[in-house]
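The structure file model-v3.tsv is reproduced below (TSV, C-alpha atoms and all ligand atoms).
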```tsv
chain	number	residue	atom	x	y	z
L	1	MET	CA	0.26	28.59	8.97
L	2	THR	CA	1.38	30.31	5.81
L	3	SER	CA	2.13	28.53	2.56
L	4	GLN	CA	5.85	28.96	3.21
L	5	GLN	CA	5.56	27.53	6.74
L	6	LEU	CA	3.67	24.50	5.45
L	7	ILE	CA	6.29	23.84	2.76
L	8	GLU	CA	9.12	24.33	5.29
L	9	LYS	CA	7.44	21.83	7.62
L	10	LEU	CA	7.17	19.28	4.79
L	11	ILE	CA	10.86	19.83	4.01
L	12	SER	CA	12.08	19.67	7.61
L	13	ASP	CA	10.19	16.43	8.31
L	14	LYS	CA	11.71	14.99	5.11
L	15	THR	CA	8.37	14.49	3.35
L	16	LEU	CA	9.48	16.81	0.57
L	17	ILE	CA	12.97	16.03	-0.70
L	18	THR	CA	13.23	16.44	-4.48
L	19	PRO	CA	14.07	20.03	-5.55
L	20	ARG	CA	11.81	19.87	-8.62
L	21	ILE	CA	8.85	18.79	-6.46
L	22	ILE	CA	9.57	21.46	-3.84
L	23	LYS	CA	9.68	24.05	-6.62
L	24	ALA	CA	6.26	22.91	-7.84
L	25	PHE	CA	4.82	23.17	-4.31
L	26	LYS	CA	6.05	26.76	-4.22
L	27	ALA	CA	4.63	27.58	-7.66
L	28	ILE	CA	1.15	26.11	-7.12
L	29	ASP	CA	-0.92	27.73	-4.38
L	30	ARG	CA	-3.23	25.28	-2.57
L	31	LYS	CA	-5.48	28.27	-1.85
L	32	ASP	CA	-6.54	28.29	-5.51
L	33	PHE	CA	-7.98	24.77	-5.14
L	34	VAL	CA	-10.06	24.82	-1.93
L	35	LEU	CA	-13.59	26.09	-1.35
L	36	ILE	CA	-14.04	29.70	-0.27
L	37	GLN	CA	-15.05	28.79	3.31
L	38	ASP	CA	-11.77	26.91	3.81
L	39	LYS	CA	-9.37	29.61	2.59
L	40	ASP	CA	-8.37	30.50	6.18
L	41	ARG	CA	-7.16	26.97	6.98
L	42	VAL	CA	-5.79	26.06	3.58
L	43	TYR	CA	-2.18	25.74	4.80
L	44	GLU	CA	-3.00	23.38	7.65
L	45	ASP	CA	-1.86	19.85	6.97
L	46	GLN	CA	-5.28	18.30	6.55
L	47	PRO	CA	-7.62	17.12	3.79
L	48	LEU	CA	-10.53	19.45	2.98
L	49	SER	CA	-13.91	18.65	1.45
L	50	ILE	CA	-14.49	19.94	-2.08
L	51	GLY	CA	-18.05	18.63	-2.34
L	52	TYR	CA	-19.53	15.56	-4.07
L	53	GLY	CA	-17.91	13.30	-1.46
L	54	ALA	CA	-14.44	14.25	-2.67
L	55	THR	CA	-11.57	15.86	-0.80
L	56	ILE	CA	-8.42	17.70	-1.70
L	57	SER	CA	-5.82	15.40	-0.14
L	58	GLN	CA	-3.73	16.31	2.89
L	59	PRO	CA	-0.56	18.16	1.80
L	60	THR	CA	1.61	15.45	3.41
L	61	THR	CA	-0.18	12.79	1.34
L	62	VAL	CA	0.20	14.81	-1.87
L	63	ALA	CA	3.92	15.27	-1.13
L	64	ILE	CA	4.46	11.57	-0.35
L	65	MET	CA	2.65	10.52	-3.53
L	66	LEU	CA	4.72	12.88	-5.69
L	67	GLU	CA	7.98	11.84	-4.04
L	68	LYS	CA	7.11	8.19	-4.71
L	69	LEU	CA	5.97	8.93	-8.27
L	70	GLN	CA	9.10	10.93	-9.15
L	71	PRO	CA	7.57	12.50	-12.27
L	72	GLN	CA	10.18	13.84	-14.70
L	73	PRO	CA	10.02	16.88	-16.96
L	74	ASP	CA	8.68	15.71	-20.36
L	75	ASN	CA	6.74	12.75	-18.87
L	76	ARG	CA	3.27	11.76	-20.07
L	77	VAL	CA	1.29	11.41	-16.88
L	78	LEU	CA	-2.16	9.89	-16.35
L	79	GLU	CA	-4.05	11.01	-13.25
L	80	ILE	CA	-7.20	9.32	-11.97
L	81	GLY	CA	-9.45	11.47	-9.76
L	82	THR	CA	-8.91	15.10	-10.78
L	83	GLY	CA	-10.97	16.45	-7.87
L	84	SER	CA	-9.92	20.04	-7.21
L	85	GLY	CA	-7.15	19.92	-9.81
L	86	TYR	CA	-4.43	20.59	-7.21
L	87	MET	CA	-2.42	17.45	-7.92
L	88	THR	CA	-3.03	18.02	-11.65
L	89	ALA	CA	-1.45	21.46	-11.37
L	90	LEU	CA	1.58	20.13	-9.48
L	91	LEU	CA	2.03	17.40	-12.10
L	92	ALA	CA	1.68	19.91	-14.96
L	93	GLU	CA	4.24	22.22	-13.35
L	94	ILE	CA	6.71	19.33	-13.06
L	95	ALA	CA	5.98	17.83	-16.50
L	96	GLY	CA	6.69	21.18	-18.12
L	97	LYS	CA	6.39	22.24	-21.74
L	98	ARG	CA	7.47	18.96	-23.24
L	99	GLY	CA	5.37	16.84	-20.87
L	100	LYS	CA	1.64	16.26	-20.72
L	101	VAL	CA	-0.87	15.51	-17.98
L	102	PHE	CA	-4.11	13.67	-18.72
L	103	SER	CA	-6.55	13.66	-15.83
L	104	ILE	CA	-9.84	11.76	-15.56
L	105	GLU	CA	-12.63	12.65	-13.15
L	106	TYR	CA	-15.81	10.64	-12.66
L	107	ILE	CA	-18.00	13.54	-11.54
L	108	PRO	CA	-18.61	16.17	-14.28
L	109	GLU	CA	-19.12	18.97	-11.72
L	110	LEU	CA	-15.69	18.30	-10.23
L	111	LYS	CA	-14.08	18.29	-13.67
L	112	GLY	CA	-15.72	21.71	-14.07
L	113	LEU	CA	-14.35	22.85	-10.72
L	114	ALA	CA	-10.83	21.70	-11.64
L	115	GLU	CA	-11.09	23.45	-14.99
L	116	PHE	CA	-12.07	26.67	-13.23
L	117	ASN	CA	-9.30	26.33	-10.62
L	118	LEU	CA	-6.65	25.55	-13.23
L	119	ARG	CA	-7.59	28.42	-15.52
L	120	ARG	CA	-5.51	31.01	-13.67
L	121	TYR	CA	-2.36	28.95	-14.27
L	122	ASN	CA	-2.78	28.81	-18.04
L	123	PHE	CA	-1.23	25.37	-18.46
L	124	ARG	CA	-0.99	24.22	-22.06
L	125	ASN	CA	-0.02	20.70	-21.12
L	126	VAL	CA	-3.16	19.54	-19.32
L	127	GLY	CA	-6.08	17.52	-20.68
L	128	LEU	CA	-9.14	17.01	-18.47
L	129	PHE	CA	-11.61	14.20	-19.11
L	130	VAL	CA	-14.86	13.00	-17.58
L	131	GLY	CA	-15.16	9.25	-17.23
L	132	ASP	CA	-14.32	6.14	-15.31
L	133	GLY	CA	-10.62	6.21	-14.61
L	134	LYS	CA	-10.54	2.46	-14.05
L	135	ALA	CA	-10.39	2.05	-17.83
L	136	GLY	CA	-7.44	4.40	-18.11
L	137	LEU	CA	-7.16	6.49	-21.27
L	138	LYS	CA	-6.23	4.14	-24.06
L	139	GLU	CA	-6.22	6.78	-26.83
L	140	TYR	CA	-3.41	8.66	-25.10
L	141	ALA	CA	-1.36	5.72	-23.82
L	142	PRO	CA	1.36	4.77	-23.13
L	143	PHE	CA	2.21	6.77	-20.01
L	144	ASP	CA	5.44	7.22	-18.09
L	145	ARG	CA	3.60	7.73	-14.83
L	146	ILE	CA	0.10	6.93	-13.53
L	147	ILE	CA	-1.25	8.30	-10.26
L	148	SER	CA	-4.57	7.68	-8.54
L	149	SER	CA	-5.87	9.34	-5.43
L	150	ALA	CA	-9.10	7.34	-5.43
L	151	SER	CA	-8.83	4.00	-3.70
L	152	GLY	CA	-9.87	0.70	-5.32
L	153	ASP	CA	-9.57	-2.97	-4.32
L	154	GLU	CA	-6.77	-3.54	-6.78
L	155	THR	CA	-4.73	-1.80	-9.45
L	156	PRO	CA	-6.76	-2.05	-12.70
L	157	LYS	CA	-5.16	-4.09	-15.48
L	158	SER	CA	-5.75	-1.24	-17.93
L	159	TRP	CA	-3.34	0.96	-15.97
L	160	LYS	CA	-0.64	-1.71	-16.07
L	161	ASN	CA	-1.18	-2.16	-19.82
L	162	GLN	CA	-1.13	1.56	-20.52
L	163	LEU	CA	2.11	2.07	-18.60
L	164	LYS	CA	5.43	2.18	-20.48
L	165	ALA	CA	8.07	-0.34	-19.53
L	166	GLY	CA	10.26	1.52	-17.05
L	167	GLY	CA	7.21	3.49	-15.90
L	168	ARG	CA	5.66	3.73	-12.46
L	169	ILE	CA	2.18	3.72	-10.92
L	170	VAL	CA	1.42	5.27	-7.54
L	171	ALA	CA	-2.09	4.41	-6.43
L	172	SER	CA	-4.14	3.90	-3.34
L	173	VAL	CA	-5.37	0.34	-2.95
L	174	GLY	CA	-7.54	-0.19	0.11
L	175	GLU	CA	-5.78	1.80	2.84
L	176	ASN	CA	-2.36	1.27	1.33
L	177	LEU	CA	-0.33	3.34	-1.02
L	178	VAL	CA	1.00	1.08	-3.75
L	179	VAL	CA	4.09	1.83	-5.83
L	180	LEU	CA	4.23	-0.38	-8.89
L	181	ASP	CA	7.22	-0.38	-11.21
L	182	LYS	CA	6.92	-1.87	-14.68
L	183	THR	CA	10.38	-3.36	-14.93
L	184	SER	CA	9.80	-4.86	-18.39
L	185	LYS	CA	6.92	-5.47	-20.79
L	186	LYS	CA	5.36	-8.13	-18.54
L	187	ARG	CA	7.08	-7.70	-15.18
L	188	PHE	CA	6.09	-5.60	-12.21
L	189	LYS	CA	7.66	-4.89	-8.85
L	190	GLN	CA	5.38	-3.71	-6.06
L	191	GLU	CA	5.90	-1.92	-2.76
L	192	GLU	CA	3.17	-1.02	-0.28
L	193	TYR	CA	2.96	1.63	2.38
L	194	ARG	CA	0.29	1.35	5.05
L	195	GLY	CA	-2.03	3.81	6.67
L	196	PHE	CA	-3.50	6.06	4.00
L	197	ILE	CA	-7.18	6.83	3.68
L	198	PHE	CA	-8.50	7.94	0.32
L	199	VAL	CA	-11.80	8.68	-1.36
L	200	PRO	CA	-13.09	5.36	-2.80
L	201	LEU	CA	-12.68	4.62	-6.51
L	202	ARG	CA	-16.17	4.27	-7.95
U	301	LIG	N1	-6.23	14.71	-6.46
U	301	LIG	C1	-7.48	15.26	-6.02
U	301	LIG	C2	-8.12	14.32	-5.04
U	301	LIG	C3	-9.57	14.18	-5.25
U	301	LIG	S1	-10.32	12.89	-4.27
U	301	LIG	C4	-7.26	16.64	-5.44
U	301	LIG	O1	-6.11	17.00	-5.25
U	301	LIG	O2	-8.21	17.38	-5.23
U	301	LIG	C5	-10.49	11.60	-5.47
U	301	LIG	C6	-11.29	11.93	-6.70
U	301	LIG	O3	-11.45	10.72	-7.46
U	301	LIG	C7	-12.70	12.44	-6.44
U	301	LIG	O4	-12.84	13.67	-7.09
U	301	LIG	C8	-13.61	11.38	-7.06
U	301	LIG	O5	-14.77	11.91	-7.64
U	301	LIG	C9	-12.70	10.77	-8.12
U	301	LIG	N2	-13.05	9.41	-8.56
U	301	LIG	C10	-13.55	8.40	-7.83
U	301	LIG	N3	-13.71	7.29	-8.58
U	301	LIG	C11	-13.29	7.61	-9.85
U	301	LIG	C12	-13.22	6.91	-11.08
U	301	LIG	N4	-13.60	5.63	-11.17
U	301	LIG	N5	-12.75	7.56	-12.16
U	301	LIG	C13	-12.34	8.86	-12.08
U	301	LIG	N6	-12.39	9.58	-10.92
U	301	LIG	C14	-12.87	8.97	-9.83
```

Translate this structure into structure tokens?
Amino acid sequence: MTSQQLIEKLISDKTLITPRIIKAFKAIDRKDFVLIQDKDRVYEDQPLSIGYGATISQPTTVAIMLEKLQPQPDNRVLEIGTGSGYMTALLAEIAGKRGKVFSIEYIPELKGLAEFNLRRYNFRNVGLFVGDGKAGLKEYAPFDRIISSASGDETPKSWKNQLKAGGRIVASVGENLVVLDKTSKKRFKQEEYRGFIFVPLR
């Protein structure tokens, strides 16, 4: 498959719907975020190992997560689990000049990999951090959107606290994808979608 064929497949099966998200998929080349030995199967709809027990998620999963997250231009976005930096790049493309993406990765070598991969895109709206994403990033809160592609047993309280009212979290919890809306300062509304497998949150 080519990049265009993969994107057309995601559009025709209604995984990709939002024009802004489709545009980002076209602007960010998944090839720039996989290991050299995988470049020939980069546009197949499957996760690929990036080392250190991490994977770049399956394109369908990335698309579903972004469609659920509905990031807006100018949003402040917190990402947990930078990995390859692919999702980071998509988020940065969507957030645009007035937005900002803060991404935390537990493994320093992967933060380094993401930094390297992202360099060719020259984003000025991305901050990469090494640390435990479970604590969030208090210094840069509050966030409009929080997204985690590492799976924990529950959604950490810190994320809920660091989310703006009106904001949304999309995170993997167990083998579910959880969409959590902060409807007011203390209230949350949660939806769950079954059947996703993610790298565990450490
Ligand atoms: N979005 C990434 C997916 C990477 S897989 C991509 O597109 O490539 C999930 C990542 O979460 C892994 O890199 C893993 O090291 C990281 N991770 C796991 N637990 C974490 C934690 N507690 N804090 C920050 N990152 C974590």

Open item on the list: Residues within 8 Å of (-0.4, 8.7, -15.2), file coordinates, counting only C-alpha atoms: what are they? Give the list as a list in words.
Closed with: Arg76, Val77, Leu78, Glu79, Ile80, Val101, Phe102, Ser103, Phe143, Asp144, Arg145, Ile146, Ile147, Ser148, Leu163 and Ile169 of chain L

Open item on the list: Give me, as a ChimeraX atom specification, the set of residues whose atoms come within 9 Å of any atom of ligand LIG 301 (chain U), counting only C-alpha atoms and all ligand atoms.
Closed with: /L:33-34,48-58,62,79-89,103-108,110-111,114,129-136,147-152,198-202

TODO: Please tell me which residues are no farther than 12 Å from (-1.9, 30.4, -6.2) in the file, counting all atoms listed in the file, and write them as JSON, numbers by chain.
DONE: {"L": [3, 24, 25, 26, 27, 28, 29, 30, 31, 32, 33, 34, 39, 42, 43, 86, 89, 90, 117, 118, 119, 120, 121, 122]}

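Picture a line from atom CA of Lys189 of chain L to atom CA of Ile64 of chain L; it runs 18.8 Å.
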
Open item on the list: Using Å and a single decimal, report how far atom CA of Lys164 of chain L sits from atom CA of Lys186 of chain L.
Closed with: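 Answer for the atom CA of Lys186 of chain L to atom CA of Lys164 of chain L separation: 10.5 Å.
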
Task: d(atom CA of Leu180 of chain L, atom CA of Ala165 of chain L) in Å - done: 11.3 Å

Open item on the list: Using all atoms listed in the file, which protein or nucleic acid residues come within 7 Å of Ile94 of chain L? Drop anything in the same chain fewer than 5 positions from it, and give the result as a PyMOL selection string.
Closed with: chain L and resi 20-21+24+71-73
